[in-house]
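Just start_10.cif here, mmCIF, C-alpha atoms and all ligand atoms:
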```cif
data_final
#
loop_
_atom_site.label_atom_id
_atom_site.label_comp_id
_atom_site.auth_asym_id
_atom_site.auth_seq_id
_atom_site.Cartn_x
_atom_site.Cartn_y
_atom_site.Cartn_z
CA MET A 1 29.54 22.24 19.03
CA ASP A 2 26.81 19.86 20.06
CA GLN A 3 27.62 16.22 19.52
CA LYS A 4 25.05 14.39 17.46
CA LYS A 5 23.10 11.72 19.27
CA VAL A 6 23.96 8.11 18.50
CA ILE A 7 21.37 5.72 17.07
CA LEU A 8 22.03 2.02 16.87
CA SER A 9 19.66 -0.15 14.93
CA GLY A 10 19.91 -3.91 14.56
CA ILE A 11 18.14 -6.37 12.34
CA GLN A 12 18.63 -10.07 11.81
CA PRO A 13 19.53 -11.17 8.29
CA SER A 14 16.91 -13.89 8.29
CA GLY A 15 14.83 -13.99 5.17
CA ILE A 16 12.85 -11.51 3.19
CA MET A 17 11.64 -8.10 4.20
CA THR A 18 8.04 -6.95 3.85
CA ILE A 19 6.68 -3.52 2.93
CA GLY A 20 5.68 -3.36 6.62
CA ASN A 21 9.35 -3.47 7.68
CA TYR A 22 10.14 -0.94 4.98
CA LEU A 23 7.41 1.54 5.91
CA GLY A 24 7.90 1.02 9.64
CA ALA A 25 11.63 1.61 9.71
CA ILE A 26 13.79 1.94 6.64
CA LYS A 27 11.78 4.60 4.87
CA ASN A 28 12.52 7.06 7.69
CA TRP A 29 16.26 6.72 7.47
CA GLY A 30 16.76 9.62 5.08
CA VAL A 31 16.06 12.22 7.75
CA MET A 32 17.58 10.19 10.55
CA GLN A 33 20.94 9.93 8.85
CA ASP A 34 21.32 13.70 8.80
CA GLU A 35 20.22 14.32 12.34
CA TYR A 36 22.02 11.51 14.16
CA ASP A 37 25.15 9.43 14.09
CA CYS A 38 23.60 6.22 12.85
CA LEU A 39 24.94 2.71 13.12
CA PHE A 40 23.10 -0.01 11.23
CA MET A 41 24.07 -3.49 12.31
CA LEU A 42 23.13 -6.82 10.80
CA ALA A 43 22.79 -9.09 13.81
CA ASP A 44 24.18 -12.20 12.16
CA LEU A 45 25.37 -13.73 15.45
CA HIS A 46 21.84 -13.48 16.80
CA THR A 47 20.43 -15.44 13.86
CA LEU A 48 22.51 -18.47 14.89
CA THR A 49 20.30 -18.96 17.93
CA VAL A 50 17.83 -20.72 15.65
CA LYS A 51 18.87 -23.29 13.05
CA GLN A 52 20.26 -21.75 9.89
CA GLU A 53 21.32 -23.20 6.60
CA PRO A 54 24.86 -21.71 6.31
CA ALA A 55 24.61 -20.99 2.57
CA ARG A 56 21.20 -19.41 3.10
CA LEU A 57 22.52 -17.21 5.91
CA ARG A 58 25.37 -16.01 3.69
CA ALA A 59 22.97 -15.19 0.85
CA ASN A 60 20.53 -13.44 3.20
CA THR A 61 23.30 -11.31 4.64
CA TYR A 62 24.30 -10.06 1.18
CA GLU A 63 20.65 -9.55 0.26
CA LEU A 64 19.86 -7.48 3.31
CA THR A 65 22.99 -5.37 2.95
CA ALA A 66 22.10 -4.65 -0.68
CA LEU A 67 18.50 -3.91 0.24
CA TYR A 68 19.57 -1.44 2.94
CA LEU A 69 21.74 0.38 0.43
CA ALA A 70 19.00 0.32 -2.20
CA CYS A 71 16.58 1.83 0.32
CA GLY A 72 18.81 4.84 0.74
CA LEU A 73 21.19 3.96 3.52
CA ASP A 74 24.16 6.17 2.76
CA PRO A 75 27.46 4.55 3.77
CA GLU A 76 29.11 7.99 3.75
CA LYS A 77 26.76 9.21 6.46
CA SER A 78 26.03 6.06 8.42
CA VAL A 79 27.98 3.04 9.54
CA LEU A 80 26.74 -0.24 8.09
CA PHE A 81 28.35 -3.39 9.47
CA LEU A 82 28.00 -7.01 10.47
CA GLN A 83 27.94 -7.90 14.14
CA SER A 84 30.30 -10.84 13.55
CA HIS A 85 32.91 -8.50 12.03
CA VAL A 86 33.35 -6.61 15.29
CA PRO A 87 34.66 -9.03 17.94
CA ALA A 88 33.91 -6.57 20.74
CA HIS A 89 30.24 -7.65 20.62
CA ALA A 90 31.01 -11.19 21.70
CA GLU A 91 33.62 -9.95 24.17
CA LEU A 92 31.36 -7.47 25.93
CA SER A 93 28.54 -9.96 26.07
CA TRP A 94 30.84 -12.23 28.11
CA ILE A 95 31.45 -9.47 30.64
CA LEU A 96 27.75 -8.61 30.76
CA ASN A 97 26.98 -12.27 31.40
CA THR A 98 28.71 -11.85 34.74
CA VAL A 99 26.10 -9.29 35.82
CA ALA A 100 23.07 -10.98 34.22
CA TYR A 101 20.93 -13.42 36.19
CA PRO A 102 19.57 -16.66 34.75
CA GLY A 103 16.26 -15.88 36.44
CA GLU A 104 15.71 -12.65 34.55
CA LEU A 105 16.82 -14.18 31.24
CA SER A 106 14.56 -17.20 31.56
CA ARG A 107 11.62 -14.87 32.25
CA MET A 108 11.98 -13.03 28.92
CA THR A 109 8.81 -13.39 26.86
CA GLN A 110 10.68 -13.97 23.64
CA PHE A 111 12.85 -16.67 25.21
CA LYS A 112 9.77 -18.53 26.38
CA ASP A 113 8.10 -18.14 22.97
CA LYS A 114 11.16 -19.37 21.14
CA CYS A 115 11.55 -22.36 23.45
CA ALA A 116 7.99 -23.29 22.59
CA ARG A 117 8.49 -22.78 18.86
CA HIS A 118 11.93 -24.42 18.64
CA ALA A 119 11.53 -27.18 21.19
CA ASP A 120 14.06 -29.29 19.29
CA ASN A 121 16.78 -26.65 19.64
CA ILE A 122 16.68 -24.96 23.03
CA ASN A 123 20.25 -23.72 23.30
CA MET A 124 22.14 -21.35 25.60
CA GLY A 125 22.34 -18.78 22.81
CA LEU A 126 18.58 -18.47 22.87
CA MET A 127 18.68 -17.59 26.54
CA ASP A 128 21.71 -15.33 26.21
CA TYR A 129 20.27 -13.51 23.19
CA PRO A 130 19.28 -10.36 25.11
CA VAL A 131 22.71 -10.10 26.73
CA LEU A 132 24.36 -10.00 23.30
CA MET A 133 21.79 -7.42 22.26
CA ALA A 134 22.69 -5.35 25.32
CA ALA A 135 26.34 -5.54 24.27
CA ASP A 136 25.41 -4.35 20.75
CA ILE A 137 23.79 -1.27 22.16
CA LEU A 138 26.06 -0.41 25.09
CA LEU A 139 29.29 -0.69 23.07
CA TYR A 140 28.33 2.37 21.05
CA GLN A 141 26.99 4.39 24.00
CA ALA A 142 23.79 4.66 21.96
CA ASP A 143 21.29 7.33 22.97
CA VAL A 144 18.39 5.95 20.99
CA VAL A 145 17.51 2.45 19.81
CA PRO A 146 14.70 2.11 17.26
CA ILE A 147 12.91 -1.18 17.89
CA GLY A 148 9.65 -2.93 17.34
CA ILE A 149 7.36 -3.34 20.32
CA ASP A 150 8.43 -7.01 20.57
CA GLN A 151 11.95 -5.90 21.55
CA LYS A 152 10.89 -3.54 24.33
CA GLN A 153 11.56 -6.05 27.09
CA HIS A 154 15.07 -6.63 25.73
CA LEU A 155 15.75 -2.93 25.83
CA GLU A 156 14.54 -2.79 29.44
CA LEU A 157 17.00 -5.55 30.26
CA THR A 158 19.76 -3.64 28.47
CA ARG A 159 19.06 -0.64 30.69
CA ASP A 160 19.00 -2.84 33.81
CA LEU A 161 22.34 -4.45 32.94
CA ALA A 162 23.91 -1.07 32.18
CA MET A 163 22.73 0.41 35.48
CA ARG A 164 23.81 -2.66 37.41
CA PHE A 165 27.26 -2.50 35.84
CA ASN A 166 27.53 1.26 36.43
CA ASN A 167 26.53 0.82 40.07
CA ARG A 168 29.07 -1.90 40.63
CA TYR A 169 32.03 -0.50 38.71
CA GLY A 170 31.35 3.20 38.28
CA ASP A 171 29.89 5.17 35.42
CA THR A 172 30.68 3.33 32.18
CA PHE A 173 27.63 2.96 29.97
CA LYS A 174 25.11 5.47 28.71
CA ILE A 175 21.56 4.34 29.51
CA PRO A 176 19.78 4.05 26.13
CA GLU A 177 16.21 4.99 25.29
CA ALA A 178 13.91 2.91 23.12
CA TYR A 179 12.31 4.49 20.11
CA ILE A 180 9.19 2.59 19.19
CA GLY A 181 7.81 3.61 15.82
CA LYS A 182 4.47 5.37 15.54
CA VAL A 183 1.32 3.27 15.42
CA GLY A 184 0.54 4.98 12.13
CA ALA A 185 3.38 3.09 10.51
CA LYS A 186 2.07 -0.28 11.58
CA ILE A 187 1.05 -2.38 8.61
CA TYR A 188 -1.34 -5.29 8.88
CA SER A 189 -1.88 -8.52 6.96
CA LEU A 190 -3.71 -8.15 3.64
CA GLN A 191 -5.69 -11.30 4.41
CA ASP A 192 -6.43 -10.79 8.09
CA PRO A 193 -6.10 -7.10 8.95
CA GLU A 194 -6.31 -7.81 12.68
CA LYS A 195 -2.86 -9.42 12.46
CA LYS A 196 0.47 -7.70 11.85
CA MET A 197 1.91 -8.19 8.36
CA SER A 198 4.52 -10.90 8.76
CA LYS A 199 7.06 -12.43 6.42
CA SER A 200 6.53 -15.78 8.08
CA ASP A 201 2.79 -15.88 7.35
CA GLU A 202 1.84 -19.20 5.73
CA ASN A 203 -0.54 -17.37 3.43
CA LEU A 204 1.71 -15.73 0.84
CA ASN A 205 -1.07 -13.31 -0.09
CA ALA A 206 -0.99 -11.86 3.41
CA PHE A 207 2.22 -9.91 2.91
CA VAL A 208 4.05 -8.02 0.20
CA SER A 209 7.76 -8.62 0.11
CA MET A 210 10.28 -6.02 -1.07
CA ASP A 211 11.24 -8.74 -3.54
CA ASP A 212 7.81 -9.10 -5.17
CA ASP A 213 7.52 -8.05 -8.81
CA THR A 214 4.82 -5.75 -10.08
CA ASP A 215 2.47 -8.53 -11.24
CA THR A 216 2.69 -10.26 -7.86
CA ILE A 217 2.06 -7.01 -6.02
CA MET A 218 -0.97 -6.19 -8.18
CA ARG A 219 -2.37 -9.68 -7.64
CA LYS A 220 -1.90 -9.53 -3.86
CA PHE A 221 -3.73 -6.21 -3.59
CA LYS A 222 -6.48 -7.43 -5.86
CA ARG A 223 -7.03 -10.27 -3.38
CA ALA A 224 -6.64 -8.11 -0.28
CA VAL A 225 -9.66 -8.40 2.01
CA THR A 226 -11.83 -5.33 2.41
CA ASP A 227 -14.79 -4.78 4.67
CA SER A 228 -18.53 -4.55 4.36
CA GLY A 229 -19.84 -1.34 2.87
CA SER A 230 -18.26 0.37 -0.09
CA GLU A 231 -16.64 3.56 1.15
CA VAL A 232 -12.90 4.14 1.21
CA ARG A 233 -12.77 5.52 4.72
CA ARG A 234 -10.88 4.72 7.92
CA ALA A 235 -13.03 3.23 10.67
CA PRO A 236 -12.60 0.78 13.54
CA ASP A 237 -15.00 -1.62 11.85
CA LYS A 238 -13.07 -1.30 8.57
CA PRO A 239 -9.62 -2.65 9.46
CA GLY A 240 -8.95 -3.91 5.92
CA VAL A 241 -9.72 -0.63 4.20
CA THR A 242 -7.95 1.36 6.94
CA ASN A 243 -4.80 -0.68 6.41
CA LEU A 244 -4.95 -0.14 2.64
CA ILE A 245 -5.45 3.61 3.13
CA ASN A 246 -2.36 3.71 5.36
CA ILE A 247 -0.29 1.75 2.86
CA TYR A 248 -1.38 3.95 -0.03
CA SER A 249 -0.71 7.16 1.90
CA LEU A 250 2.78 6.12 2.89
CA PHE A 251 3.76 5.02 -0.63
CA ALA A 252 2.08 7.93 -2.40
CA GLY A 253 3.41 10.47 0.10
CA LYS A 254 -0.07 11.76 0.91
CA SER A 255 -1.96 12.24 4.16
CA VAL A 256 -4.68 9.74 5.01
CA GLU A 257 -7.25 12.53 4.65
CA GLU A 258 -6.03 13.28 1.13
CA THR A 259 -6.25 9.60 0.31
CA GLU A 260 -9.85 9.35 1.54
CA LYS A 261 -10.75 12.37 -0.54
CA GLU A 262 -9.01 11.01 -3.61
CA PHE A 263 -11.04 7.79 -3.47
CA GLU A 264 -14.34 9.33 -2.41
CA ASN A 265 -16.12 8.08 -5.48
CA ALA A 266 -14.12 4.93 -6.12
CA GLY A 267 -15.22 1.37 -5.52
CA TYR A 268 -13.06 -1.15 -3.68
CA ALA A 269 -11.82 -2.83 -6.86
CA GLU A 270 -10.49 0.40 -8.29
CA PHE A 271 -9.07 1.48 -4.94
CA LYS A 272 -7.17 -1.80 -4.52
CA ARG A 273 -5.79 -1.53 -8.03
CA ARG A 274 -4.49 1.97 -7.30
CA VAL A 275 -2.94 0.86 -4.00
CA GLY A 276 -1.19 -1.94 -5.89
CA GLU A 277 0.12 0.51 -8.46
CA ALA A 278 1.45 2.90 -5.82
CA VAL A 279 3.18 0.09 -3.94
CA ALA A 280 4.65 -1.40 -7.13
CA ALA A 281 5.92 2.03 -8.16
CA GLY A 282 7.72 2.30 -4.82
CA VAL A 283 9.05 -1.24 -4.63
CA GLU A 284 10.15 -1.77 -8.23
CA PRO A 285 13.06 0.73 -8.34
CA ILE A 286 14.32 -0.49 -4.97
CA ARG A 287 14.27 -4.09 -6.14
CA ARG A 288 16.16 -3.22 -9.31
CA GLU A 289 18.75 -1.21 -7.41
CA LYS A 290 19.16 -4.04 -4.89
CA ASP A 291 19.75 -6.54 -7.70
CA ARG A 292 22.28 -4.21 -9.29
CA ILE A 293 24.20 -3.86 -6.01
CA LEU A 294 23.99 -7.62 -5.40
CA SER A 295 25.71 -8.32 -8.68
CA ASP A 296 28.93 -6.92 -7.21
CA LYS A 297 29.67 -8.87 -4.03
CA GLY A 298 33.21 -7.49 -3.97
CA TYR A 299 31.78 -4.00 -3.54
CA ILE A 300 29.55 -5.18 -0.69
CA ASP A 301 32.47 -6.96 1.00
CA LYS A 302 34.58 -3.79 0.89
CA LEU A 303 31.80 -1.63 2.15
CA LEU A 304 31.16 -3.98 5.09
CA ALA A 305 34.89 -4.06 5.82
CA SER A 306 35.04 -0.31 6.07
CA GLY A 307 31.87 -0.26 8.17
CA ALA A 308 33.39 -2.82 10.54
CA GLU A 309 36.53 -0.75 10.87
CA ARG A 310 34.60 2.35 11.84
CA ALA A 311 32.32 0.45 14.21
CA ALA A 312 35.23 -1.40 15.83
CA ALA A 313 37.04 1.84 16.61
CA ALA A 314 34.06 3.06 18.65
CA ALA A 315 33.29 -0.35 20.17
CA GLU A 316 36.84 -0.98 21.31
CA ARG A 317 36.97 2.31 23.14
CA THR A 318 34.08 1.14 25.33
CA LEU A 319 35.43 -2.39 25.67
CA ARG A 320 38.86 -1.15 26.89
CA LYS A 321 37.10 0.99 29.46
CA VAL A 322 35.04 -1.98 30.64
CA TYR A 323 38.05 -4.30 30.87
CA LYS A 324 39.87 -1.71 32.92
CA LYS A 325 36.94 -1.12 35.26
CA VAL A 326 36.52 -4.80 36.06
CA GLY A 327 40.23 -5.24 36.73
CA LEU A 328 41.59 -6.92 33.62
CA LEU A 329 45.14 -5.91 32.74
CA PRO A 330 45.63 -3.69 29.72
CA ARG A 331 47.28 -5.42 26.81
CA VAL A 332 50.37 -3.39 25.91
CA LYS A 333 52.33 -3.54 22.64
CA ALA A 334 54.69 -6.55 22.50
N1 LIG B 401 16.74 -8.55 18.49
C1 LIG B 401 16.48 -7.60 17.44
C2 LIG B 401 15.29 -8.09 16.62
O1 LIG B 401 15.14 -9.26 16.41
C3 LIG B 401 17.66 -7.43 16.53
C4 LIG B 401 18.79 -6.79 17.27
C5 LIG B 401 19.96 -7.39 17.64
C6 LIG B 401 18.84 -5.45 17.71
N2 LIG B 401 20.76 -6.49 18.27
C7 LIG B 401 20.13 -5.31 18.34
C8 LIG B 401 17.96 -4.38 17.65
C9 LIG B 401 20.50 -4.10 18.90
C10 LIG B 401 18.34 -3.16 18.21
C11 LIG B 401 19.61 -3.04 18.84
O2 LIG B 401 14.53 -7.28 16.15
#
```
Rewritten as structure tokens:
Amino acid sequence: MDQKKVILSGIQPSGIMTIGNYLGAIKNWGVMQDEYDCLFMLADLHTLTVKQEPARLRANTYELTALYLACGLDPEKSVLFLQSHVPAHAELSWILNTVAYPGELSRMTQFKDKCARHADNINMGLMDYPVLMAADILLYQADVVPIGIDQKQHLELTRDLAMRFNNRYGDTFKIPEAYIGKVGAKIYSLQDPEKKMSKSDENLNAFVSMDDDTDTIMRKFKRAVTDSGSEVRRAPDKPGVTNLINIYSLFAGKSVEETEKEFENAGYAEFKRRVGEAVAAGVEPIRREKDRILSDKGYIDKLLASGAERAAAAAERTLRKVYKKVGLLPRVKA
């Protein structure tokens, strides 16, 4: 029988999630979970590379776990776990550090950006971030890694480190492929449709969070910028309307052509109201389900414990192999 391919996906538990994150990634999990062996990891160790309020980090980690479950992540089919619960991540990153060069790490675009943005907290973790990410991926011999375009360089580095290690010590790691979501799923700011929708936007009307209630969602779409003219039609000079058409189509489960047809005779005000309604109808049940799950932290703790157990079994297999290859003695039973 063919073995299913392994997908590892990682996300940092830092703050709220927008409908852009949802449409770009989570919404596609349903199918993915049946076709692949999926591991979903909350990269909590990575979040420590920028200053965190400990209580906030704890709350965010529960929130994101609950949100994943509410969005349809099925813990029977997929493995959901916290990076910090599987010690092999930190252990493998140490070994990978011995084949990573400071030159290549200091050239990473994201490292340079973060140094500029967090000038008061330039720490080694920031520079080592991609090595830990490589460990996340290589531990599970992942075939495919779904990432945003901003993580592409980190995945290239992961491949480089894996090949370097394999060349030096013999075949050990599978070389993973990036999966970068379709452009169609890219969602832009409601206030400046040339910019990506971002949860860190200062203008709260620019993004819709998965935590927004129906009134807030309706208000944000009412204020969404449109373009000159009055037709609901995709066009390069209509980035605002194009973005709204995409959002509506994805939430309503219709093609963009169907959406254009549906709103042929509608004005922008009516169109925006209907987009708001479709989004609210999609977000509301998820938010309720997330809140329900969040009310039972004991359940979440147990679920994460079982996820960590399953992940650790796979991760340790790779780690043992690595330790052996580099010449560390096996640890036998006392
Ligand atoms: N660096 C990723 C991000 O910020 C999160 C991440 C950590 C990740 N480890 C990973 C993504 C492993 C994919 C695979 O988006």
Would you mind listing the residues within 10 Å of ligand LIG 401 (chain B), counting only C-alpha atoms and all ligand atoms, as a tab-separated table (two decimals) with C-alpha atoms, in the frame of the given file?
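Now in pocket_37.tsv:
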```tsv
chain	number	residue	atom	x	y	z
A	7	ILE	CA	21.37	5.72	17.07
A	8	LEU	CA	22.03	2.02	16.87
A	9	SER	CA	19.66	-0.15	14.93
A	10	GLY	CA	19.91	-3.91	14.56
A	11	ILE	CA	18.14	-6.37	12.34
A	12	GLN	CA	18.63	-10.07	11.81
A	13	PRO	CA	19.53	-11.17	8.29
A	14	SER	CA	16.91	-13.89	8.29
A	39	LEU	CA	24.94	2.71	13.12
A	40	PHE	CA	23.10	-0.01	11.23
A	41	MET	CA	24.07	-3.49	12.31
A	42	LEU	CA	23.13	-6.82	10.80
A	43	ALA	CA	22.79	-9.09	13.81
A	44	ASP	CA	24.18	-12.20	12.16
A	45	LEU	CA	25.37	-13.73	15.45
A	46	HIS	CA	21.84	-13.48	16.80
A	47	THR	CA	20.43	-15.44	13.86
A	83	GLN	CA	27.94	-7.90	14.14
A	89	HIS	CA	30.24	-7.65	20.62
A	110	GLN	CA	10.68	-13.97	23.64
A	129	TYR	CA	20.27	-13.51	23.19
A	130	PRO	CA	19.28	-10.36	25.11
A	131	VAL	CA	22.71	-10.10	26.73
A	132	LEU	CA	24.36	-10.00	23.30
A	133	MET	CA	21.79	-7.42	22.26
A	134	ALA	CA	22.69	-5.35	25.32
A	135	ALA	CA	26.34	-5.54	24.27
A	136	ASP	CA	25.41	-4.35	20.75
A	137	ILE	CA	23.79	-1.27	22.16
A	138	LEU	CA	26.06	-0.41	25.09
A	142	ALA	CA	23.79	4.66	21.96
A	144	VAL	CA	18.39	5.95	20.99
A	145	VAL	CA	17.51	2.45	19.81
A	146	PRO	CA	14.70	2.11	17.26
A	147	ILE	CA	12.91	-1.18	17.89
A	148	GLY	CA	9.65	-2.93	17.34
A	149	ILE	CA	7.36	-3.34	20.32
A	150	ASP	CA	8.43	-7.01	20.57
A	151	GLN	CA	11.95	-5.90	21.55
A	152	LYS	CA	10.89	-3.54	24.33
A	154	HIS	CA	15.07	-6.63	25.73
A	155	LEU	CA	15.75	-2.93	25.83
A	158	THR	CA	19.76	-3.64	28.47
A	178	ALA	CA	13.91	2.91	23.12
A	179	TYR	CA	12.31	4.49	20.11
```
Counting all atoms listed in the file, find the residues whose atoms lie at most 9 Å from (2.6, 3.5, -3.2) (file coordinates) and write them out as a PyMOL selection string.
-> chain A and resi 247-253+274-283
Which of A:Leu73, A:Ala66, A:Ile19, A:Ala305 sits closest to Met32 in chain A [using all atoms listed in the file] | A:Leu73
Can you work out the spacing between CA of Arg273 in chain A and CA of Met17 in chain A in Å, to one decimal?
->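 So the answer is 22.3 Å.
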Please identify all polymer residues within 9 Å of Glu231 in chain A, counting all atoms listed in the file, omitting same-chain residues fewer than 5 positions from it, and present them as number ranges by chain.
-> A: 241, 260, 263-268
Residues just named, written with C-alpha atoms as a JSON list (two decimals), keeping the file's coordinate frame:
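Result file part-v8.json:
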```json
[["chain", "number", "residue", "atom", "x", "y", "z"],
["A", 241, "VAL", "CA", -9.72, -0.63, 4.20],
["A", 260, "GLU", "CA", -9.85, 9.35, 1.54],
["A", 263, "PHE", "CA", -11.04, 7.79, -3.47],
["A", 264, "GLU", "CA", -14.34, 9.33, -2.41],
["A", 265, "ASN", "CA", -16.12, 8.08, -5.48],
["A", 266, "ALA", "CA", -14.12, 4.93, -6.12],
["A", 267, "GLY", "CA", -15.22, 1.37, -5.52],
["A", 268, "TYR", "CA", -13.06, -1.15, -3.68]]
```
Asn246 in chain A proximity check over A:Gly24, A:Asn167, A:Ser306, A:Lys325, using only C-alpha atoms: winner is A:Gly24
Mind checking which residues fall within 6 Å of range 192-206 of chain A, counting all atoms listed in the file, ignoring those fewer than 6 positions away in the same chain, and posting them as number ranges by chain?
-> A: 220, 239-240
From the set A:Asp74, A:Gln3, A:Leu139, A:Ile122, which residue has the shortest atom-to-atom contact distance to Ala311 in chain A, counting all atoms listed in the file?
->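 Closest to Ala311 in chain A of all the choices is A:Leu139.
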Selected residue of minimal separation from Val31 in chain A among A:Thr18, A:Pro285, A:Ser78, A:Ile217, counting all atoms listed in the file |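 Once distances to Val31 in chain A are computed over all atoms listed in the file, the minimum belongs to A:Ser78.
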Can you tell me how far CA of Met163 in chain A sits from CA of Ile180 in chain A, in Å to one decimal?
->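 CA of Ile180 in chain A lies at a distance of 21.3 Å from CA of Met163 in chain A.
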If you count only C-alpha atoms, which residues fall within 12 Å of Tyr101 in chain A, apart from same-chain ones fewer than 2 positions away, as a VMD selection string?
-> chain A and resid 96 to 99 103 to 108 127 to 128 130 to 131 157 160 to 161 164
Nearest to Pro102 in chain A, chosen from A:Met124, A:Cys38, A:Glu53, A:Val256, with all atoms listed in the file counted in the distances =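 Of the candidates, the smallest distance to Pro102 in chain A is held by A:Met124.
Residue nearest Asp120 in chain A, chosen from A:Lys77, A:Lys51, A:Lys297, A:Lys238 and counting all atoms listed in the file: A:Lys51.
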Can you tell me how far CA of Val86 in chain A sits from CA of Arg317 in chain A, in Å to one decimal?
-> 12.4 Å
Would you kindly return, as a list in words, each protein, DNA or RNA residue with an atom no farther than 10 Å from any atom of Arg288 in chain A, considering all atoms listed in the file and excluding same-chain residues fewer than 6 positions away?
-> Leu67, Ala70, Asp211, Asp213 and Leu294 of chain A
